[in-house]
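Undergrad: Data file query.cif (mmCIF, N, CA and C atoms) is appended below.
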```cif
data_work
#
loop_
_atom_site.label_atom_id
_atom_site.label_comp_id
_atom_site.auth_asym_id
_atom_site.auth_seq_id
_atom_site.Cartn_x
_atom_site.Cartn_y
_atom_site.Cartn_z
N MET I 1 0.85 -1.17 0.00
CA MET I 1 0.00 0.00 0.00
C MET I 1 0.89 1.23 0.00
N VAL I 2 0.57 2.17 -0.84
CA VAL I 2 1.34 3.40 -0.93
C VAL I 2 0.97 4.29 0.25
N VAL I 3 1.97 4.79 0.96
CA VAL I 3 1.73 5.57 2.17
C VAL I 3 0.94 6.84 1.88
N SER I 4 1.20 7.48 0.76
CA SER I 4 0.52 8.74 0.45
C SER I 4 -0.88 8.53 -0.13
N HIS I 5 -1.26 7.29 -0.42
CA HIS I 5 -2.57 6.99 -0.98
C HIS I 5 -3.63 7.06 0.11
N HIS I 6 -4.67 7.84 -0.09
CA HIS I 6 -5.75 7.97 0.89
C HIS I 6 -6.94 7.15 0.42
N LEU I 7 -7.52 6.41 1.33
CA LEU I 7 -8.67 5.58 0.98
C LEU I 7 -9.91 6.44 0.86
N SER I 8 -10.73 6.16 -0.14
CA SER I 8 -11.96 6.92 -0.32
C SER I 8 -13.03 6.40 0.63
N VAL I 9 -13.94 7.29 1.01
CA VAL I 9 -14.99 6.92 1.95
C VAL I 9 -16.18 6.32 1.21
N GLY I 10 -16.41 6.69 -0.03
CA GLY I 10 -17.57 6.21 -0.78
C GLY I 10 -17.30 4.91 -1.50
N GLY I 11 -18.34 4.44 -2.16
CA GLY I 11 -18.22 3.21 -2.94
C GLY I 11 -19.21 2.17 -2.47
N PRO I 12 -19.39 1.11 -3.26
CA PRO I 12 -20.34 0.07 -2.86
C PRO I 12 -19.85 -0.68 -1.61
N LEU I 13 -20.76 -0.92 -0.70
CA LEU I 13 -20.42 -1.60 0.55
C LEU I 13 -20.13 -3.08 0.29
N PHE I 14 -19.18 -3.60 1.04
CA PHE I 14 -18.88 -5.03 0.99
C PHE I 14 -19.93 -5.74 1.82
N LEU I 15 -20.58 -6.75 1.26
CA LEU I 15 -21.74 -7.36 1.91
C LEU I 15 -21.39 -8.24 3.11
N ASP I 16 -20.29 -8.95 3.07
CA ASP I 16 -19.94 -9.87 4.17
C ASP I 16 -19.01 -9.15 5.16
N ARG I 17 -19.61 -8.38 6.06
CA ARG I 17 -18.82 -7.62 7.02
C ARG I 17 -18.08 -8.53 7.99
N THR I 18 -18.67 -9.67 8.32
CA THR I 18 -18.02 -10.60 9.24
C THR I 18 -16.71 -11.12 8.65
N LEU I 19 -16.73 -11.47 7.38
CA LEU I 19 -15.51 -11.93 6.71
C LEU I 19 -14.46 -10.83 6.72
N TYR I 20 -14.86 -9.62 6.38
CA TYR I 20 -13.93 -8.49 6.36
C TYR I 20 -13.30 -8.29 7.73
N ARG I 21 -14.13 -8.26 8.77
CA ARG I 21 -13.62 -8.03 10.13
C ARG I 21 -12.72 -9.17 10.59
N SER I 22 -13.06 -10.39 10.21
CA SER I 22 -12.24 -11.53 10.57
C SER I 22 -10.86 -11.45 9.91
N LEU I 23 -10.83 -11.11 8.64
CA LEU I 23 -9.55 -10.99 7.94
C LEU I 23 -8.70 -9.85 8.49
N VAL I 24 -9.33 -8.72 8.77
CA VAL I 24 -8.59 -7.58 9.32
C VAL I 24 -8.06 -7.93 10.71
N GLY I 25 -8.84 -8.66 11.51
CA GLY I 25 -8.38 -9.10 12.82
C GLY I 25 -7.18 -10.03 12.72
N ALA I 26 -7.22 -10.94 11.76
CA ALA I 26 -6.08 -11.84 11.55
C ALA I 26 -4.85 -11.06 11.11
N LEU I 27 -5.05 -10.06 10.27
CA LEU I 27 -3.92 -9.23 9.84
C LEU I 27 -3.36 -8.42 11.00
N GLN I 28 -4.24 -7.94 11.88
CA GLN I 28 -3.76 -7.20 13.05
C GLN I 28 -2.87 -8.09 13.90
N TYR I 29 -3.28 -9.33 14.10
CA TYR I 29 -2.47 -10.28 14.87
C TYR I 29 -1.14 -10.53 14.17
N LEU I 30 -1.16 -10.58 12.86
CA LEU I 30 0.05 -10.84 12.09
C LEU I 30 1.05 -9.69 12.19
N THR I 31 0.59 -8.48 12.46
CA THR I 31 1.51 -7.34 12.55
C THR I 31 2.48 -7.45 13.72
N ILE I 32 2.19 -8.35 14.67
CA ILE I 32 3.12 -8.55 15.79
C ILE I 32 4.46 -9.03 15.27
N THR I 33 4.42 -9.95 14.31
CA THR I 33 5.66 -10.48 13.75
C THR I 33 5.99 -9.88 12.39
N ARG I 34 5.10 -9.11 11.82
CA ARG I 34 5.30 -8.53 10.50
C ARG I 34 5.02 -7.02 10.55
N PRO I 35 5.92 -6.24 11.14
CA PRO I 35 5.67 -4.80 11.25
C PRO I 35 5.63 -4.09 9.89
N ASP I 36 6.10 -4.74 8.83
CA ASP I 36 6.09 -4.10 7.52
C ASP I 36 4.68 -3.92 6.95
N ILE I 37 3.68 -4.63 7.50
CA ILE I 37 2.32 -4.46 7.02
C ILE I 37 1.46 -3.64 7.99
N ALA I 38 2.07 -3.15 9.06
CA ALA I 38 1.32 -2.45 10.11
C ALA I 38 0.59 -1.22 9.60
N HIS I 39 1.23 -0.42 8.76
CA HIS I 39 0.58 0.80 8.26
C HIS I 39 -0.65 0.47 7.42
N ALA I 40 -0.51 -0.48 6.52
CA ALA I 40 -1.64 -0.85 5.66
C ALA I 40 -2.78 -1.44 6.48
N VAL I 41 -2.46 -2.28 7.46
CA VAL I 41 -3.50 -2.89 8.30
C VAL I 41 -4.18 -1.82 9.14
N ASN I 42 -3.42 -0.87 9.66
CA ASN I 42 -4.01 0.22 10.43
C ASN I 42 -4.96 1.04 9.56
N SER I 43 -4.60 1.26 8.32
CA SER I 43 -5.44 2.05 7.41
C SER I 43 -6.78 1.36 7.16
N ILE I 44 -6.76 0.07 6.87
CA ILE I 44 -8.02 -0.63 6.59
C ILE I 44 -8.82 -0.91 7.85
N ASN I 45 -8.14 -0.94 8.99
CA ASN I 45 -8.81 -1.17 10.26
C ASN I 45 -9.73 -0.01 10.63
N GLN I 46 -9.48 1.16 10.10
CA GLN I 46 -10.29 2.33 10.43
C GLN I 46 -11.68 2.28 9.79
N PHE I 47 -11.92 1.31 8.91
CA PHE I 47 -13.19 1.25 8.19
C PHE I 47 -13.95 -0.04 8.48
N LEU I 48 -13.81 -0.56 9.70
CA LEU I 48 -14.51 -1.80 10.05
C LEU I 48 -16.02 -1.63 10.08
N TYR I 49 -16.49 -0.45 10.39
CA TYR I 49 -17.93 -0.22 10.54
C TYR I 49 -18.66 -0.26 9.21
N ALA I 50 -18.03 0.13 8.10
CA ALA I 50 -18.68 0.14 6.79
C ALA I 50 -17.65 -0.15 5.70
N PRO I 51 -17.20 -1.39 5.59
CA PRO I 51 -16.19 -1.71 4.58
C PRO I 51 -16.77 -1.67 3.17
N THR I 52 -15.98 -1.21 2.24
CA THR I 52 -16.41 -1.19 0.84
C THR I 52 -15.68 -2.28 0.06
N GLU I 53 -16.10 -2.45 -1.17
CA GLU I 53 -15.44 -3.42 -2.05
C GLU I 53 -13.96 -3.07 -2.22
N GLU I 54 -13.65 -1.76 -2.30
CA GLU I 54 -12.26 -1.32 -2.45
C GLU I 54 -11.41 -1.75 -1.26
N TYR I 55 -11.96 -1.62 -0.06
CA TYR I 55 -11.22 -2.01 1.14
C TYR I 55 -10.95 -3.51 1.14
N PHE I 56 -11.96 -4.30 0.72
CA PHE I 56 -11.78 -5.74 0.69
C PHE I 56 -10.68 -6.13 -0.31
N LEU I 57 -10.61 -5.44 -1.43
CA LEU I 57 -9.55 -5.70 -2.39
C LEU I 57 -8.18 -5.39 -1.79
N ILE I 58 -8.12 -4.34 -0.99
CA ILE I 58 -6.86 -3.99 -0.32
C ILE I 58 -6.49 -5.06 0.70
N VAL I 59 -7.48 -5.57 1.44
CA VAL I 59 -7.23 -6.65 2.40
C VAL I 59 -6.66 -7.87 1.67
N LYS I 60 -7.25 -8.23 0.53
CA LYS I 60 -6.74 -9.37 -0.23
C LYS I 60 -5.32 -9.12 -0.73
N ARG I 61 -5.04 -7.89 -1.12
CA ARG I 61 -3.69 -7.56 -1.58
C ARG I 61 -2.67 -7.69 -0.45
N ILE I 62 -3.04 -7.24 0.75
CA ILE I 62 -2.15 -7.37 1.90
C ILE I 62 -1.92 -8.84 2.22
N LEU I 63 -2.97 -9.65 2.15
CA LEU I 63 -2.83 -11.08 2.41
C LEU I 63 -1.88 -11.73 1.40
N ARG I 64 -2.01 -11.37 0.14
CA ARG I 64 -1.10 -11.92 -0.87
C ARG I 64 0.34 -11.48 -0.60
N TYR I 65 0.53 -10.23 -0.23
CA TYR I 65 1.87 -9.72 0.07
C TYR I 65 2.46 -10.48 1.25
N ALA I 66 1.66 -10.62 2.31
CA ALA I 66 2.15 -11.30 3.51
C ALA I 66 2.44 -12.77 3.23
N ASP I 67 1.71 -13.38 2.30
CA ASP I 67 1.90 -14.78 1.98
C ASP I 67 3.16 -15.00 1.15
N TYR I 68 3.54 -14.04 0.32
CA TYR I 68 4.69 -14.21 -0.55
C TYR I 68 6.02 -14.08 0.18
N LEU I 69 6.05 -13.32 1.25
CA LEU I 69 7.32 -13.09 1.93
C LEU I 69 7.74 -14.31 2.74
N ASP I 70 9.03 -14.54 2.75
CA ASP I 70 9.58 -15.67 3.48
C ASP I 70 9.52 -15.39 4.97
N THR I 71 9.11 -16.36 5.74
CA THR I 71 9.00 -16.18 7.18
C THR I 71 10.31 -16.49 7.91
N HIS I 72 11.28 -17.05 7.22
CA HIS I 72 12.58 -17.41 7.79
C HIS I 72 12.46 -18.49 8.86
N ARG I 73 11.31 -19.17 8.92
CA ARG I 73 11.15 -20.25 9.88
C ARG I 73 11.36 -21.58 9.17
N SER I 74 11.98 -22.50 9.87
CA SER I 74 12.24 -23.82 9.31
C SER I 74 10.98 -24.68 9.37
N THR I 75 10.89 -25.60 8.46
CA THR I 75 9.79 -26.55 8.46
C THR I 75 10.26 -27.85 9.08
N SER I 76 9.52 -28.33 10.06
CA SER I 76 9.83 -29.59 10.72
C SER I 76 8.76 -30.60 10.33
N SER I 77 9.20 -31.82 10.14
CA SER I 77 8.23 -32.89 9.87
C SER I 77 8.70 -34.15 10.57
N TYR I 78 7.74 -34.99 10.89
CA TYR I 78 8.09 -36.27 11.49
C TYR I 78 7.04 -37.30 11.11
N SER I 79 7.42 -38.55 11.24
CA SER I 79 6.49 -39.66 11.10
C SER I 79 6.88 -40.71 12.13
N VAL I 80 5.89 -41.26 12.80
CA VAL I 80 6.11 -42.23 13.86
C VAL I 80 5.47 -43.54 13.42
N TYR I 81 6.26 -44.60 13.47
CA TYR I 81 5.80 -45.93 13.09
C TYR I 81 5.78 -46.83 14.31
N LEU I 82 4.77 -47.67 14.38
CA LEU I 82 4.72 -48.76 15.34
C LEU I 82 4.80 -50.03 14.52
N GLY I 83 5.98 -50.63 14.51
CA GLY I 83 6.24 -51.72 13.57
C GLY I 83 6.30 -51.14 12.16
N ASP I 84 5.46 -51.67 11.27
CA ASP I 84 5.40 -51.15 9.91
C ASP I 84 4.24 -50.18 9.71
N ASN I 85 3.52 -49.86 10.77
CA ASN I 85 2.32 -49.03 10.67
C ASN I 85 2.60 -47.59 11.08
N LEU I 86 2.21 -46.66 10.23
CA LEU I 86 2.33 -45.23 10.53
C LEU I 86 1.23 -44.86 11.50
N ILE I 87 1.60 -44.33 12.68
CA ILE I 87 0.58 -44.00 13.69
C ILE I 87 0.48 -42.50 13.97
N SER I 88 1.49 -41.72 13.58
CA SER I 88 1.43 -40.28 13.80
C SER I 88 2.37 -39.60 12.81
N TRP I 89 1.97 -38.42 12.34
CA TRP I 89 2.83 -37.66 11.43
C TRP I 89 2.44 -36.19 11.48
N SER I 90 3.36 -35.35 11.07
CA SER I 90 3.11 -33.92 11.03
C SER I 90 4.16 -33.26 10.15
N ALA I 91 3.79 -32.14 9.55
CA ALA I 91 4.72 -31.29 8.81
C ALA I 91 4.22 -29.86 8.96
N LYS I 92 5.01 -29.01 9.63
CA LYS I 92 4.60 -27.62 9.82
C LYS I 92 5.82 -26.75 10.09
N LYS I 93 5.61 -25.45 9.97
CA LYS I 93 6.69 -24.50 10.25
C LYS I 93 6.92 -24.43 11.75
N GLN I 94 8.18 -24.26 12.13
CA GLN I 94 8.50 -24.10 13.55
C GLN I 94 7.97 -22.76 14.03
N PRO I 95 7.56 -22.68 15.30
CA PRO I 95 6.97 -21.43 15.80
C PRO I 95 7.97 -20.29 15.97
N THR I 96 9.26 -20.59 15.98
CA THR I 96 10.27 -19.54 16.17
C THR I 96 11.30 -19.58 15.06
N VAL I 97 12.01 -18.49 14.90
CA VAL I 97 13.08 -18.40 13.91
C VAL I 97 14.37 -18.87 14.56
N SER I 98 15.04 -19.81 13.92
CA SER I 98 16.30 -20.33 14.44
C SER I 98 17.47 -19.56 13.85
N ARG I 99 18.55 -19.49 14.60
CA ARG I 99 19.74 -18.76 14.14
C ARG I 99 20.64 -19.60 13.24
N SER I 100 20.45 -20.92 13.28
CA SER I 100 21.30 -21.80 12.48
C SER I 100 20.54 -23.08 12.15
N ASP I 101 21.08 -23.84 11.21
CA ASP I 101 20.48 -25.13 10.89
C ASP I 101 20.53 -26.08 12.08
N SER I 102 21.62 -26.02 12.81
CA SER I 102 21.76 -26.90 13.98
C SER I 102 20.69 -26.61 15.02
N GLU I 103 20.45 -25.33 15.28
CA GLU I 103 19.42 -24.97 16.24
C GLU I 103 18.05 -25.43 15.77
N SER I 104 17.80 -25.30 14.49
CA SER I 104 16.53 -25.75 13.92
C SER I 104 16.36 -27.26 14.09
N ILE I 105 17.43 -28.00 13.86
CA ILE I 105 17.38 -29.46 14.02
C ILE I 105 17.14 -29.83 15.47
N TYR I 106 17.83 -29.17 16.40
CA TYR I 106 17.64 -29.47 17.82
C TYR I 106 16.21 -29.16 18.26
N ARG I 107 15.65 -28.08 17.76
CA ARG I 107 14.25 -27.76 18.09
C ARG I 107 13.32 -28.85 17.58
N ALA I 108 13.54 -29.28 16.35
CA ALA I 108 12.69 -30.33 15.78
C ALA I 108 12.84 -31.63 16.57
N LEU I 109 14.07 -31.99 16.92
CA LEU I 109 14.29 -33.21 17.67
C LEU I 109 13.68 -33.14 19.07
N ALA I 110 13.78 -31.99 19.71
CA ALA I 110 13.16 -31.83 21.04
C ALA I 110 11.65 -31.99 20.95
N TYR I 111 11.07 -31.45 19.89
CA TYR I 111 9.62 -31.54 19.71
C TYR I 111 9.19 -32.99 19.50
N ILE I 112 9.91 -33.73 18.66
CA ILE I 112 9.53 -35.11 18.40
C ILE I 112 9.78 -36.00 19.61
N VAL I 113 10.78 -35.70 20.42
CA VAL I 113 11.00 -36.48 21.64
C VAL I 113 9.81 -36.34 22.58
N VAL I 114 9.29 -35.13 22.70
CA VAL I 114 8.09 -34.92 23.52
C VAL I 114 6.92 -35.72 22.97
N LYS I 115 6.75 -35.70 21.65
CA LYS I 115 5.67 -36.47 21.01
C LYS I 115 5.86 -37.97 21.24
N LEU I 116 7.10 -38.46 21.11
CA LEU I 116 7.37 -39.87 21.32
C LEU I 116 7.08 -40.29 22.76
N LEU I 117 7.46 -39.46 23.71
CA LEU I 117 7.18 -39.78 25.11
C LEU I 117 5.68 -39.85 25.35
N TRP I 118 4.95 -38.90 24.80
CA TRP I 118 3.50 -38.88 24.96
C TRP I 118 2.87 -40.14 24.34
N LEU I 119 3.31 -40.47 23.12
CA LEU I 119 2.78 -41.66 22.45
C LEU I 119 3.14 -42.93 23.21
N THR I 120 4.34 -43.01 23.76
CA THR I 120 4.77 -44.17 24.54
C THR I 120 3.88 -44.35 25.76
N HIS I 121 3.62 -43.26 26.48
CA HIS I 121 2.75 -43.34 27.65
C HIS I 121 1.32 -43.71 27.26
N LEU I 122 0.85 -43.17 26.14
CA LEU I 122 -0.49 -43.51 25.66
C LEU I 122 -0.59 -45.00 25.33
N LEU I 123 0.40 -45.51 24.62
CA LEU I 123 0.40 -46.94 24.27
C LEU I 123 0.49 -47.82 25.51
N CYS I 124 1.27 -47.40 26.49
CA CYS I 124 1.35 -48.15 27.74
C CYS I 124 0.00 -48.16 28.46
N ASP I 125 -0.68 -47.02 28.50
CA ASP I 125 -2.00 -46.94 29.12
C ASP I 125 -3.02 -47.83 28.40
N LEU I 126 -2.86 -47.98 27.09
CA LEU I 126 -3.75 -48.82 26.30
C LEU I 126 -3.31 -50.29 26.28
N HIS I 127 -2.24 -50.61 27.00
CA HIS I 127 -1.67 -51.95 27.09
C HIS I 127 -1.26 -52.49 25.72
N VAL I 128 -0.69 -51.62 24.90
CA VAL I 128 -0.16 -52.01 23.59
C VAL I 128 1.33 -52.27 23.77
N PRO I 129 1.77 -53.48 23.46
CA PRO I 129 3.20 -53.78 23.65
C PRO I 129 4.06 -53.02 22.63
N ILE I 130 5.14 -52.46 23.13
CA ILE I 130 6.09 -51.76 22.26
C ILE I 130 7.27 -52.70 22.05
N PRO I 131 7.48 -53.15 20.80
CA PRO I 131 8.47 -54.20 20.56
C PRO I 131 9.91 -53.82 20.85
N GLN I 132 10.28 -52.56 20.69
CA GLN I 132 11.68 -52.17 20.90
C GLN I 132 11.73 -50.70 21.31
N ARG I 133 12.92 -50.26 21.66
CA ARG I 133 13.10 -48.85 22.01
C ARG I 133 12.90 -48.00 20.78
N SER I 134 12.54 -46.75 20.99
CA SER I 134 12.31 -45.84 19.87
C SER I 134 13.63 -45.50 19.18
N LEU I 135 13.58 -45.41 17.88
CA LEU I 135 14.72 -45.02 17.07
C LEU I 135 14.38 -43.68 16.45
N LEU I 136 15.18 -42.69 16.73
CA LEU I 136 14.93 -41.34 16.22
C LEU I 136 15.97 -41.01 15.17
N LEU I 137 15.53 -40.72 13.97
CA LEU I 137 16.43 -40.39 12.86
C LEU I 137 16.12 -38.98 12.39
N CYS I 138 17.16 -38.19 12.13
CA CYS I 138 16.93 -36.86 11.58
C CYS I 138 17.43 -36.82 10.15
N ASP I 139 17.13 -35.76 9.42
CA ASP I 139 17.49 -35.70 8.01
C ASP I 139 18.99 -35.55 7.78
N LYS I 140 19.74 -35.33 8.82
CA LYS I 140 21.20 -35.25 8.70
C LYS I 140 21.84 -36.61 8.98
N LYS I 141 21.02 -37.66 8.98
CA LYS I 141 21.48 -39.03 9.18
C LYS I 141 22.09 -39.27 10.55
N CYS I 142 21.49 -38.67 11.58
CA CYS I 142 22.03 -38.88 12.93
C CYS I 142 21.07 -39.76 13.73
N ASN I 143 21.57 -40.83 14.28
CA ASN I 143 20.79 -41.71 15.13
C ASN I 143 20.96 -41.27 16.58
N LEU I 144 19.86 -40.98 17.25
CA LEU I 144 19.97 -40.48 18.61
C LEU I 144 19.50 -41.50 19.64
N PHE I 145 18.47 -42.27 19.37
CA PHE I 145 17.94 -43.21 20.35
C PHE I 145 18.05 -44.60 19.80
#
```
Can you give me the file's structure in the form of C-alpha cells?

TA:
Amino acid sequence: MVVSHHLSVGGPLFLDRTLYRSLVGALQYLTITRPDIAHAVNSINQFLYAPTEEYFLIVKRILRYADYLDTHRSTSSYSVYLGDNLISWSAKKQPTVSRSDSESIYRALAYIVVKLLWLTHLLCDLHVPIPQRSLLLCDKKCNLF
C-alpha cells in the first residue's frame, strides 16, 4: 500500500462484514511479527464499521503480500511408526526463527521427543506392547535413540 494513498470513503459496501472483520483481525495479529504491514493494516482497520469493495480488495492484496514473503522459519516434519504401521505424522513450520540449521534441528528433535514420550505413555496406558526402544532419525542421518 502506498503511504501517500488515501482511501476513499464512498463506494459500494462489501456485503460480508463478518468476513472483512475476521480478515482484518487476523492481519492485526500478524503485525506482531510482521511490522512491515502495520501501516496498511491500520489504514483498513479504520473502516470496520462500513467496509467497501475497495477495502476488501486492499485486504486481499495485503494477504497476498504477507503470503509471498519468506518467514525465515524452518519446516519440521516427522512420522512415527509402530512396527510397519504409521501411527502419527506432522509437517509444519517451527513457531520460532532459528539462528542456524543446527538450532533448527535441535528444536525439531526436542519436539519429536516430547511427542514420542506422549505416544509411549499412551500406548502403555492402552496396554499395547512396544516391541523395541524408539529409534529417532533426523534428516542429517544422525541416530539419537

Undergrad: Go through I:Tyr106, I:Trp118, I:Tyr81, I:Trp89 one by one, measure the shortest atom-to-atom distance of each to Leu135 (chain I) using only C-alpha atoms, and give the residue with the smallest value.

TA: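 The closest residue to Leu135 (chain I) is I:Tyr81.
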
Undergrad: Using atom C of Ser100 (chain I) and atom N of Asp36 (chain I) as the two end points, give the distance in Å to one decimal.

TA: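 Separating atom C of Ser100 (chain I) from atom N of Asp36 (chain I) is a distance of 23.6 Å.
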
Undergrad: From the set I:Ser98, I:Asp125, I:Leu63, I:Asn45, which residue has the shortest atom-to-atom contact distance to Gly25 (chain I), counting only N, CA and C atoms?

TA: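 So, comparing all the options, the nearest one is I:Asn45.
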
Undergrad: Using DSSP on the backbone coordinates, identify the residues of chain I assigned to helix (DSSP H, G or I); present them as JSON, numbers by chain.

TA: {"I": [17, 18, 19, 20, 21, 22, 23, 24, 25, 26, 27, 28, 29, 30, 35, 36, 37, 38, 39, 40, 41, 42, 43, 44, 45, 53, 54, 55, 56, 57, 58, 59, 60, 61, 62, 63, 64, 65, 66, 67, 68, 101, 102, 103, 104, 105, 106, 107, 108, 109, 110, 111, 112, 113, 114, 115, 116, 117, 118, 119, 120, 121, 122, 123, 124, 125]}

Undergrad: Can you work out which one of I:Thr31, I:Gln132, I:Ser102, I:Ser88 has the shortest atom-to-atom distance to Leu116 (chain I), counting only C-alpha atoms?

TA: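 Answer, going by the shortest atom-to-atom distance: I:Ser88.
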
Undergrad: In terms of the shortest atom-to-atom distance over only N, CA and C atoms, which of I:Tyr20, I:His127, I:Glu103, I:Leu27 is closest to Tyr55 (chain I)?

TA: I:Tyr20

Undergrad: Write out as a PyMOL selection string the set of residues from region 26-125 of chain I that DSSP, computed on the backbone, places in strand (DSSP E or B).

TA: chain I and resi 52+75-82+85-93

Undergrad: Please put the answer as JSON: centre and edge lengths, in Å with one decimal, of a box along x, y and z that encloses all listed atoms of region 77-95 of chain I plus 3 Å on each side.

TA:
```
{"center_x": 4.8, "center_y": -36.0, "center_z": 12.4, "size_x": 14.7, "size_y": 37.4, "size_z": 13.2}
```

Undergrad: From the set I:Ile62, I:Ala50, I:Ile44, I:Leu82, which residue has the shortest atom-to-atom contact distance to Leu30 (chain I), counting only C-alpha atoms?

TA: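 Under the stated criterion, the closest residue is I:Ile62.
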
Undergrad: Quick one: pull the distance between CA of Ser79 (chain I) and CA of Ile112 (chain I), Å, one decimal.

TA: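 These two atoms are separated by 9.1 Å.
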
Undergrad: Hey, what comes out of the PyMOL selection byres (((chain I and resi 46 and name CA) around 12) and name CA) on this file? Could you write it as a list in words?

TA: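 Selected by the PyMOL selection byres (((chain I and resi 46 and name CA) around 12) and name CA) in this file: His6, Leu7, Ser8, Val9, Arg21, Val24, Gly25, Gln28, His39, Ala40, Val41, Asn42, Ser43, Ile44, Asn45, Phe47, Leu48, Tyr49, Ala50, Pro51, Thr52 and Tyr55 of chain I.
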
Undergrad: Interatomic distance between CA of Leu117 (chain I) and CA of Ile105 (chain I)?

TA: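 CA of Ile105 (chain I) lies at a distance of 18.3 Å from CA of Leu117 (chain I).
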
Undergrad: Between I:Leu19, I:Ile37, I:Val59, I:Cys138, which residue has the minimum interatomic distance to Leu109 (chain I), considering only N, CA and C atoms?

TA: I:Cys138

Undergrad: Mind checking which residues fall within 6 Å of Glu53 (chain I), counting all atoms listed in the file, ignoring those fewer than 6 positions away in the same chain, and posting them as an mmCIF file with N, CA and C atoms, in the coordinates of the input?

TA:
```cif
data_model
loop_
_atom_site.group_PDB
_atom_site.id
_atom_site.type_symbol
_atom_site.label_atom_id
_atom_site.label_comp_id
_atom_site.auth_asym_id
_atom_site.auth_seq_id
_atom_site.Cartn_x
_atom_site.Cartn_y
_atom_site.Cartn_z
ATOM 1 N N GLY I 11 -18.340 4.440 -2.160
ATOM 2 C CA GLY I 11 -18.220 3.210 -2.940
ATOM 3 C C GLY I 11 -19.210 2.170 -2.470
ATOM 4 N N PRO I 12 -19.390 1.110 -3.260
ATOM 5 C CA PRO I 12 -20.340 0.070 -2.860
ATOM 6 C C PRO I 12 -19.850 -0.680 -1.610
ATOM 7 N N LEU I 13 -20.760 -0.920 -0.700
ATOM 8 C CA LEU I 13 -20.420 -1.600 0.550
ATOM 9 C C LEU I 13 -20.130 -3.080 0.290
ATOM 10 N N PHE I 14 -19.180 -3.600 1.040
ATOM 11 C CA PHE I 14 -18.880 -5.030 0.990
ATOM 12 C C PHE I 14 -19.930 -5.740 1.820
#
```

Undergrad: Saving region 19-30 of chain I with N, CA and C atoms, as an mmCIF file, in the first residue's frame, what would that file be?

TA:
```
data_model
loop_
_atom_site.group_PDB
_atom_site.id
_atom_site.type_symbol
_atom_site.label_atom_id
_atom_site.label_comp_id
_atom_site.auth_asym_id
_atom_site.auth_seq_id
_atom_site.Cartn_x
_atom_site.Cartn_y
_atom_site.Cartn_z
ATOM 1 N N LEU I 19 -16.728 -11.469 7.376
ATOM 2 C CA LEU I 19 -15.510 -11.930 6.710
ATOM 3 C C LEU I 19 -14.457 -10.835 6.717
ATOM 4 N N TYR I 20 -14.858 -9.624 6.385
ATOM 5 C CA TYR I 20 -13.927 -8.491 6.357
ATOM 6 C C TYR I 20 -13.303 -8.289 7.730
ATOM 7 N N ARG I 21 -14.128 -8.260 8.770
ATOM 8 C CA ARG I 21 -13.621 -8.029 10.129
ATOM 9 C C ARG I 21 -12.715 -9.167 10.589
ATOM 10 N N SER I 22 -13.062 -10.385 10.211
ATOM 11 C CA SER I 22 -12.243 -11.532 10.568
ATOM 12 C C SER I 22 -10.861 -11.453 9.910
ATOM 13 N N LEU I 23 -10.832 -11.106 8.635
ATOM 14 C CA LEU I 23 -9.550 -10.994 7.935
ATOM 15 C C LEU I 23 -8.703 -9.851 8.490
ATOM 16 N N VAL I 24 -9.327 -8.715 8.771
ATOM 17 C CA VAL I 24 -8.586 -7.584 9.323
ATOM 18 C C VAL I 24 -8.057 -7.932 10.714
ATOM 19 N N GLY I 25 -8.842 -8.658 11.510
ATOM 20 C CA GLY I 25 -8.379 -9.098 12.821
ATOM 21 C C GLY I 25 -7.178 -10.030 12.721
ATOM 22 N N ALA I 26 -7.221 -10.940 11.757
ATOM 23 C CA ALA I 26 -6.085 -11.842 11.550
ATOM 24 C C ALA I 26 -4.854 -11.060 11.114
ATOM 25 N N LEU I 27 -5.053 -10.063 10.267
ATOM 26 C CA LEU I 27 -3.922 -9.232 9.839
ATOM 27 C C LEU I 27 -3.361 -8.417 10.996
ATOM 28 N N GLN I 28 -4.240 -7.941 11.878
ATOM 29 C CA GLN I 28 -3.763 -7.204 13.054
ATOM 30 C C GLN I 28 -2.865 -8.093 13.903
ATOM 31 N N TYR I 29 -3.282 -9.329 14.101
ATOM 32 C CA TYR I 29 -2.472 -10.278 14.868
ATOM 33 C C TYR I 29 -1.143 -10.529 14.167
ATOM 34 N N LEU I 30 -1.165 -10.580 12.860
ATOM 35 C CA LEU I 30 0.047 -10.842 12.091
ATOM 36 C C LEU I 30 1.053 -9.694 12.188
#
```
